[in-house]
Amino acid sequence: MTLLRQAEILFVEKQLPFWRELTQAQQADVIAFSSSVKFQKEEMIHRSDEQCAGFLLVKRGQIRTFLLSEDGREVTLYRLFEKDACVLSASCVLDEIAFDVMIQAVTDTEAILLPLGLFHRLMEENLSVALFAYRMATERFSDVMWSMQQILFLRADQRLAVFLWDETAKTGTSSVAYTHEQIARYMGSAREVVSRVLKYFAEEGVVALSRGKIEILDREKLKSFL
């Protein structure tokens, strides 16, 4: 962890929704006590048995939040990208929440970390920060419910079609650079299931498969699976 550079301070000032509602003293504390952190691809950022470290503001990269079952199955709840905000455990915001999650860097990631003590103090002192924290918790809960609905109620081909459609929409490209194993993690499915559906999509002319990459050939046909 390192102190914030000028460019990072400007990033914080621009991306924190409640920045303008902070007092000058609170703004000075955010700059003084926050730090720049880096995580390597697939590095664990937070484990369910660890104390919450604080609040992350993603500068670059991608992180995912997931549950891990006793038999090792992973269910991805949501992913966060550049300029997204993340609390490193639910208890950071709501002390009454009993469950916790795992958080991992999907790619090499840089972020700004506001320590737990500072974040909690800002919530207690400033209504705007508290409202932002609760709104963020509500949005993340909606993300979790959306993921659970997909897992429980959609067929494997529908879920995979939704995943491919959303990924290409985010990147503005026609390809997805993930392995079958990675996609299975993000979908909360088995690699064998993902591989089987992708093979079917390829046979139907929807996608072209290559090592670590999936090219969308027919978006209209892909849309028909949604």
# chains A, B, ... in the order shown; residues from 1 in each chain; ligands from 1

$ residues_around --residues "stretch 133-140 of chain A" --least-positions-apart "3" --cutoff "9 Å" --atoms "only C-alpha atoms" --output "PyMOL selection string"
chain A and resi 77-78+85-87+90+93-94+123+128-130+143-145

$ residues_around --residues "A:Phe81" --least-positions-apart "4" --cutoff "7 Å" --atoms "only C-alpha atoms" --output "ChimeraX atom specification"
/A:58,61-63

$ atom_distance --atom1 "atom CA of A:Arg191" --atom2 "atom CA of A:Glu203"
18.3 Å

$ residues_around --residues "A:Met148" --least-positions-apart "6" --cutoff "10 Å" --atoms "only C-alpha atoms" --output "mmCIF file with C-alpha atoms, in the first residue's frame"
data_model
loop_
_atom_site.group_PDB
_atom_site.id
_atom_site.type_symbol
_atom_site.label_atom_id
_atom_site.label_comp_id
_atom_site.auth_asym_id
_atom_site.auth_seq_id
_atom_site.Cartn_x
_atom_site.Cartn_y
_atom_site.Cartn_z
ATOM 1 C CA VAL A 75 -20.927 -19.069 -7.201
ATOM 2 C CA THR A 76 -20.103 -15.611 -8.530
ATOM 3 C CA LEU A 77 -22.469 -13.003 -7.099
ATOM 4 C CA SER A 142 -30.032 -6.611 -6.317
ATOM 5 C CA LEU A 154 -32.753 -20.255 -16.401
ATOM 6 C CA MET A 187 -21.981 -18.409 -14.058
ATOM 7 C CA GLY A 188 -21.929 -20.654 -10.993
#
